[in-house]
Structure formats: structure tokens, C-alpha cells
Amino acid sequence: MENKLTDRAFWKSFWESRIGLIFSIKPDYVFGNILAKIIKQKNTKTAIELGGFPGYYAIYLKKYQQLNTTLLDYFIHRDLVNQLLAANGMNWDDINIIEADLFNYIPAEQYDMVLSFGLIEHFADTKGIIATHLPFLKPAGTLFITLPNFTGVNGWVQRNFDRENYDKHYIASMNPTLLAEYCRQLGLKNVEAYYHGGFSIWLENKAHQSAITKGFVKALWLAGKMISKVVPVESKLMSPYIVVKAEAGNQ
């Protein structure tokens with residue numbers, strides 16, 4: 001896909017520079033409550049996480065939901081995956097791992113659940129990148145996509161203090177109404193798309209920021225948390241994520 005906003009070199013540098021990458025994933029990991037509900041309702045057995053290196057959700061769903069999980073990404077750093085697995089009491093054989101280009105890969109099987117987290121916003125053809133998920137999806141299977149919301153306060157922080165990271169995201173994709181319409185156009189049903197989560201902001205390049213910037217962002221984070229406790233509403237302005245859920249047809 002020519003309109004992708006990142007490449008393999010970007011992701012290699014991104015992941016190798018990350019601090020705090022390896023940790024034990026907890027039962028209350030973000031989106032876990034939503035996923036658990038879907039799995040129970042639909043008796044989900046298999047799942048694939050697309051573009052999900054180092055595999056947080058493939059590991060989470062194996063560890064806590066006992067699903068047969070697969071991770072697919074076009075950049076797999078084997079040592080980092082092994083470290084993350086070990087931190088969660090697992091080894092390389094506990095999840096399936098595919099290193100491949102999503103746009104050229106023909107899946108050998110389909111899955112009850114197809115997931116991606118922070119993938120689709122790195123491509124300018126939003127409908128096209130959603131469409132790449134569908135060949136992996138079983139009839140009546142669940143599509144679950146999340147992306148950051150950079151159209152509110154968090155986006156303002158990213159735009160002003162980490163412009164390089166901000167520019168790697170296609171901001172126009174961060175529109176629940178548009179995302180839902182694309183899913184319907186692709187033949188999916190029972191579509192939901194909405195802002196998710198209480199107030200939060202972050203900086204990917206926090207370690208490289210000045211003490212003044214860190215202090216300002218921390219103060220803004222605290223203020224936002226206080227406001228969201230008084231007015232606990234998920235919204236474009238305050239919520240850090242967008243969630244998309246949909247189902248494939250029966251045929």
C-alpha cells in the first residue's frame with residue numbers, strides 16, 4: 001500500500017528505542033473487559049492480532065482467555081518477543097507467529113476474532129487497511145480494531161510536543177462515524193464505533209523532553225483526570241482511544 005505513513009525502518013527504530021517494553025501483562029489490561037465479553041458471548045476459540053508486534057494482545061488472550069492466538073507483523077524482533085513471553089510465563093511455542101507483509105500475505109486459515117491495535121491510523125487509505133483484515137475473518141467472526149484519538153486534548157499534546165510521531169498518524173481516520181460507515185460498506189454487520197476511555201495523554205518521546213515540558217504534561221494529565229472524575233463521559237475531547245467492533249456475515 002503506497003500511502004502507508006511508516007516503513008520497516010521506522011518500526012525497527014521505534015521498538016528498539018522503547019523503554020519499559022517488557023512487563024507482565026495484568027488481567028485488567030486495556031480493552032480486556034470488552035474482549036472478555038465478546039469471547040464469552042461468541043464462544044471465541046481463535047484470534048489473530050495484525051500488526052501487533054511485540055504481541056501484547058496475542059499473549060494477553062492466550063494467558064487469560066486460553067485462546068489459540070496468532071501474531072502477524074512484518075517486523076518481528078525475536079529477542080524482544082521471547083523476553084515478553086518469558087515475563088508472562090510463556091515461551092515461543094505458546095503463540096503462533098507470522099512475519100509477513102499484511103498486504104501481500106494470503107492467510108492459510110481464518111479466525112473467530114481478528115484484532116488490530118494502533119495499526120490502521122498509519123495508513124491514508126482507511127477503508128483499504130480495514131479491508132485487509134477481512135480475509136482473516138471467519139463467517140460470523142468478530143472484527144475488533146482500536147486506534148488512538150488524536151482529535152482532542154491528547155492530539156493537541158502530540159501535535160505540539162511530538163510532531164514527528166503525530167505526523168506518522170492519519171488524523172482523518174480518527175472519526176467513529178466514518179469508520180463505522182467504511183465497515184458497513186465492506187459488508188460487515190452489527191457495527192459499533194465509539195470513543196473509549198477516561199482522560200489520558202502521553203508522549204512517545206517523553207524521555208527526550210525537557211523538565212518543563214514533562215512538568216506541563218503531567219499537570220495537564222492531573223487536571224484532566226480530575227475533570228473526568230467529575231464528568232465521566234467518553235468523548236472526542238477527552239477519550240484517548242477509538243474502538244471499532246463489527247461482525248462478518250454468515251457466508
# chains A, B, ... in the order shown; residues from 1 in each chain; ligands from 1
$ select_by_dssp --residues "region 170-248 of chain A" --states "helix (DSSP H, G or I)" --output "PyMOL selection string"
chain A and resi 171-173+176-185+206-208+211-230
$ write_last_selection --atoms "C-alpha atoms" --output "tab-separated table (two decimals), in the first residue's frame"
chain	number	residue	atom	x	y	z
A	171	ILE	CA	-5.70	12.03	11.71
A	172	ALA	CA	-8.69	11.88	9.35
A	173	SER	CA	-9.05	8.17	10.18
A	176	PRO	CA	-16.01	6.89	14.60
A	177	THR	CA	-18.83	7.79	12.21
A	178	LEU	CA	-16.58	7.39	9.17
A	179	LEU	CA	-15.04	4.17	10.50
A	180	ALA	CA	-18.48	2.65	11.04
A	181	GLU	CA	-19.56	3.63	7.53
A	182	TYR	CA	-16.47	2.02	5.99
A	183	CYS	CA	-17.20	-1.20	7.87
A	184	ARG	CA	-20.77	-1.25	6.56
A	185	GLN	CA	-19.55	-0.58	3.02
A	206	LYS	CA	8.89	11.59	26.90
A	207	ALA	CA	12.46	10.61	27.80
A	208	HIS	CA	13.80	13.25	25.42
A	211	ALA	CA	11.80	19.04	32.55
A	212	ILE	CA	9.47	21.97	31.83
A	213	THR	CA	7.58	20.01	29.16
A	214	LYS	CA	7.35	16.92	31.35
A	215	GLY	CA	6.02	19.05	34.19
A	216	PHE	CA	3.45	20.75	31.98
A	217	VAL	CA	2.19	17.47	30.51
A	218	LYS	CA	1.99	15.92	33.98
A	219	ALA	CA	-0.01	18.89	35.26
A	220	LEU	CA	-2.35	18.68	32.26
A	221	TRP	CA	-2.77	14.95	32.86
A	222	LEU	CA	-3.68	15.52	36.52
A	223	ALA	CA	-6.13	18.30	35.64
A	224	GLY	CA	-7.79	16.15	33.00
A	225	LYS	CA	-8.09	13.23	35.41
A	226	MET	CA	-9.81	15.44	37.96
A	227	ILE	CA	-12.27	16.75	35.37
A	228	SER	CA	-13.04	13.25	34.08
A	229	LYS	CA	-13.84	12.07	37.62
A	230	VAL	CA	-16.42	14.84	37.97
$ residues_around --residues "region 108-125 of chain A" --least-positions-apart "2" --cutoff "6 Å" --atoms "only C-alpha atoms" --output "mmCIF file with C-alpha atoms, in the first residue's frame"
data_model
loop_
_atom_site.group_PDB
_atom_site.id
_atom_site.type_symbol
_atom_site.label_atom_id
_atom_site.label_comp_id
_atom_site.auth_asym_id
_atom_site.auth_seq_id
_atom_site.Cartn_x
_atom_site.Cartn_y
_atom_site.Cartn_z
ATOM 1 C CA ASN A 3 0.043 5.515 1.170
ATOM 2 C CA LYS A 4 1.437 3.990 4.359
ATOM 3 C CA LEU A 5 2.946 6.586 6.699
ATOM 4 C CA THR A 44 -14.414 -17.466 20.626
ATOM 5 C CA THR A 46 -9.080 -18.479 17.858
ATOM 6 C CA ALA A 47 -7.739 -14.965 17.318
ATOM 7 C CA ILE A 48 -5.108 -13.185 15.254
ATOM 8 C CA GLU A 49 -3.515 -9.852 16.121
ATOM 9 C CA LEU A 50 -2.485 -7.972 12.978
ATOM 10 C CA LYS A 127 -11.142 1.725 4.186
ATOM 11 C CA GLY A 128 -8.386 -0.155 2.375
ATOM 12 C CA ILE A 129 -6.493 -1.045 5.545
ATOM 13 C CA PHE A 136 -8.559 -13.499 8.074
ATOM 14 C CA LEU A 137 -12.103 -13.409 9.468
ATOM 15 C CA LYS A 138 -14.349 -16.456 9.704
ATOM 16 C CA GLY A 141 -16.428 -13.782 13.256
ATOM 17 C CA THR A 142 -15.641 -10.590 15.165
ATOM 18 C CA LEU A 143 -13.522 -7.699 13.922
ATOM 19 C CA PHE A 144 -12.051 -5.599 16.740
ATOM 20 C CA ILE A 145 -9.977 -2.519 15.927
ATOM 21 C CA THR A 146 -8.665 0.236 18.169
ATOM 22 C CA LEU A 147 -6.740 3.384 17.367
ATOM 23 C CA HIS A 169 -0.720 9.146 12.055
ATOM 24 C CA TYR A 170 -3.525 9.791 9.564
ATOM 25 C CA SER A 173 -9.048 8.170 10.179
#
$ atom_distance --atom1 "CA of Asn104 (chain A)" --atom2 "CA of Glu164 (chain A)"
27.8 Å
$ residues_around --residues "Lys63 (chain A)" --least-positions-apart "6" --cutoff "10 Å" --atoms "only C-alpha atoms" --output "MDAnalysis selection string"
chainID A and resid 25:27 57 69 88:90 94:95
$ select_by_dssp --residues "region 30-225 of chain A" --states "strand (DSSP E or B)" --output "PyMOL selection string"
chain A and resi 46-50+68-73+96-99+111-117+123+137-148+189-196
$ atom_distance --atom1 "CA of Lys12 (chain A)" --atom2 "CA of Glu99 (chain A)"
13.4 Å
$ closest_residue --among "A:His196, A:Leu203, A:Asp101, A:Gly249" --to "Pro232 (chain A)" --atoms "only C-alpha atoms"
A:His196
$ closest_residue --among "A:Leu186, A:Ile201, A:Leu67, A:Val231" --to "Glu247 (chain A)" --atoms "only C-alpha atoms"
A:Leu186
$ decode --residues "region 165-242 of chain A" --atoms "C-alpha atoms" --output "CSV table (one decimal), in the first residue's frame"
chain,number,residue,atom,x,y,z
A,165,ASN,CA,5.1,11.0,16.0
A,166,TYR,CA,1.9,12.9,15.3
A,167,ASP,CA,2.8,13.1,11.6
A,168,LYS,CA,3.0,9.3,11.4
A,169,HIS,CA,-0.7,9.1,12.1
A,170,TYR,CA,-3.5,9.8,9.6
A,171,ILE,CA,-5.7,12.0,11.7
A,172,ALA,CA,-8.7,11.9,9.3
A,173,SER,CA,-9.0,8.2,10.2
A,174,MET,CA,-9.9,9.1,13.8
A,175,ASN,CA,-13.6,9.5,13.1
A,176,PRO,CA,-16.0,6.9,14.6
A,177,THR,CA,-18.8,7.8,12.2
A,178,LEU,CA,-16.6,7.4,9.2
A,179,LEU,CA,-15.0,4.2,10.5
A,180,ALA,CA,-18.5,2.7,11.0
A,181,GLU,CA,-19.6,3.6,7.5
A,182,TYR,CA,-16.5,2.0,6.0
A,183,CYS,CA,-17.2,-1.2,7.9
A,184,ARG,CA,-20.8,-1.3,6.6
A,185,GLN,CA,-19.6,-0.6,3.0
A,186,LEU,CA,-17.3,-3.6,3.4
A,187,GLY,CA,-20.2,-5.8,4.2
A,188,LEU,CA,-19.8,-6.0,8.0
A,189,LYS,CA,-22.8,-6.0,10.3
A,190,ASN,CA,-23.6,-5.1,13.9
A,191,VAL,CA,-21.1,-2.3,13.6
A,192,GLU,CA,-20.1,-0.1,16.6
A,193,ALA,CA,-17.6,2.7,16.6
A,194,TYR,CA,-17.1,5.0,19.6
A,195,TYR,CA,-14.7,7.0,21.7
A,196,HIS,CA,-13.3,4.9,24.6
A,197,GLY,CA,-11.7,5.5,27.9
A,198,GLY,CA,-11.3,8.2,30.6
A,199,PHE,CA,-9.0,11.1,30.1
A,200,SER,CA,-5.4,10.3,29.3
A,201,ILE,CA,-2.5,11.8,27.4
A,202,TRP,CA,1.0,10.5,26.7
A,203,LEU,CA,4.2,11.3,24.8
A,204,GLU,CA,6.2,8.6,23.0
A,205,ASN,CA,9.3,10.7,23.2
A,206,LYS,CA,8.9,11.6,26.9
A,207,ALA,CA,12.5,10.6,27.8
A,208,HIS,CA,13.8,13.2,25.4
A,209,GLN,CA,11.6,16.1,26.6
A,210,SER,CA,12.7,19.0,28.9
A,211,ALA,CA,11.8,19.0,32.6
A,212,ILE,CA,9.5,22.0,31.8
A,213,THR,CA,7.6,20.0,29.2
A,214,LYS,CA,7.3,16.9,31.3
A,215,GLY,CA,6.0,19.0,34.2
A,216,PHE,CA,3.4,20.7,32.0
A,217,VAL,CA,2.2,17.5,30.5
A,218,LYS,CA,2.0,15.9,34.0
A,219,ALA,CA,0.0,18.9,35.3
A,220,LEU,CA,-2.3,18.7,32.3
A,221,TRP,CA,-2.8,14.9,32.9
A,222,LEU,CA,-3.7,15.5,36.5
A,223,ALA,CA,-6.1,18.3,35.6
A,224,GLY,CA,-7.8,16.2,33.0
A,225,LYS,CA,-8.1,13.2,35.4
A,226,MET,CA,-9.8,15.4,38.0
A,227,ILE,CA,-12.3,16.7,35.4
A,228,SER,CA,-13.0,13.2,34.1
A,229,LYS,CA,-13.8,12.1,37.6
A,230,VAL,CA,-16.4,14.8,38.0
A,231,VAL,CA,-17.7,14.4,34.4
A,232,PRO,CA,-17.0,10.7,33.5
A,233,VAL,CA,-18.0,11.0,29.8
A,234,GLU,CA,-16.2,9.3,26.9
A,235,SER,CA,-15.8,11.9,24.3
A,236,LYS,CA,-13.9,13.2,21.3
A,237,LEU,CA,-12.2,15.9,23.5
A,238,MET,CA,-11.2,13.7,26.4
A,239,SER,CA,-11.0,10.0,25.5
A,240,PRO,CA,-7.6,8.6,24.4
A,241,TYR,CA,-9.0,5.8,22.1
A,242,ILE,CA,-11.5,4.9,19.5
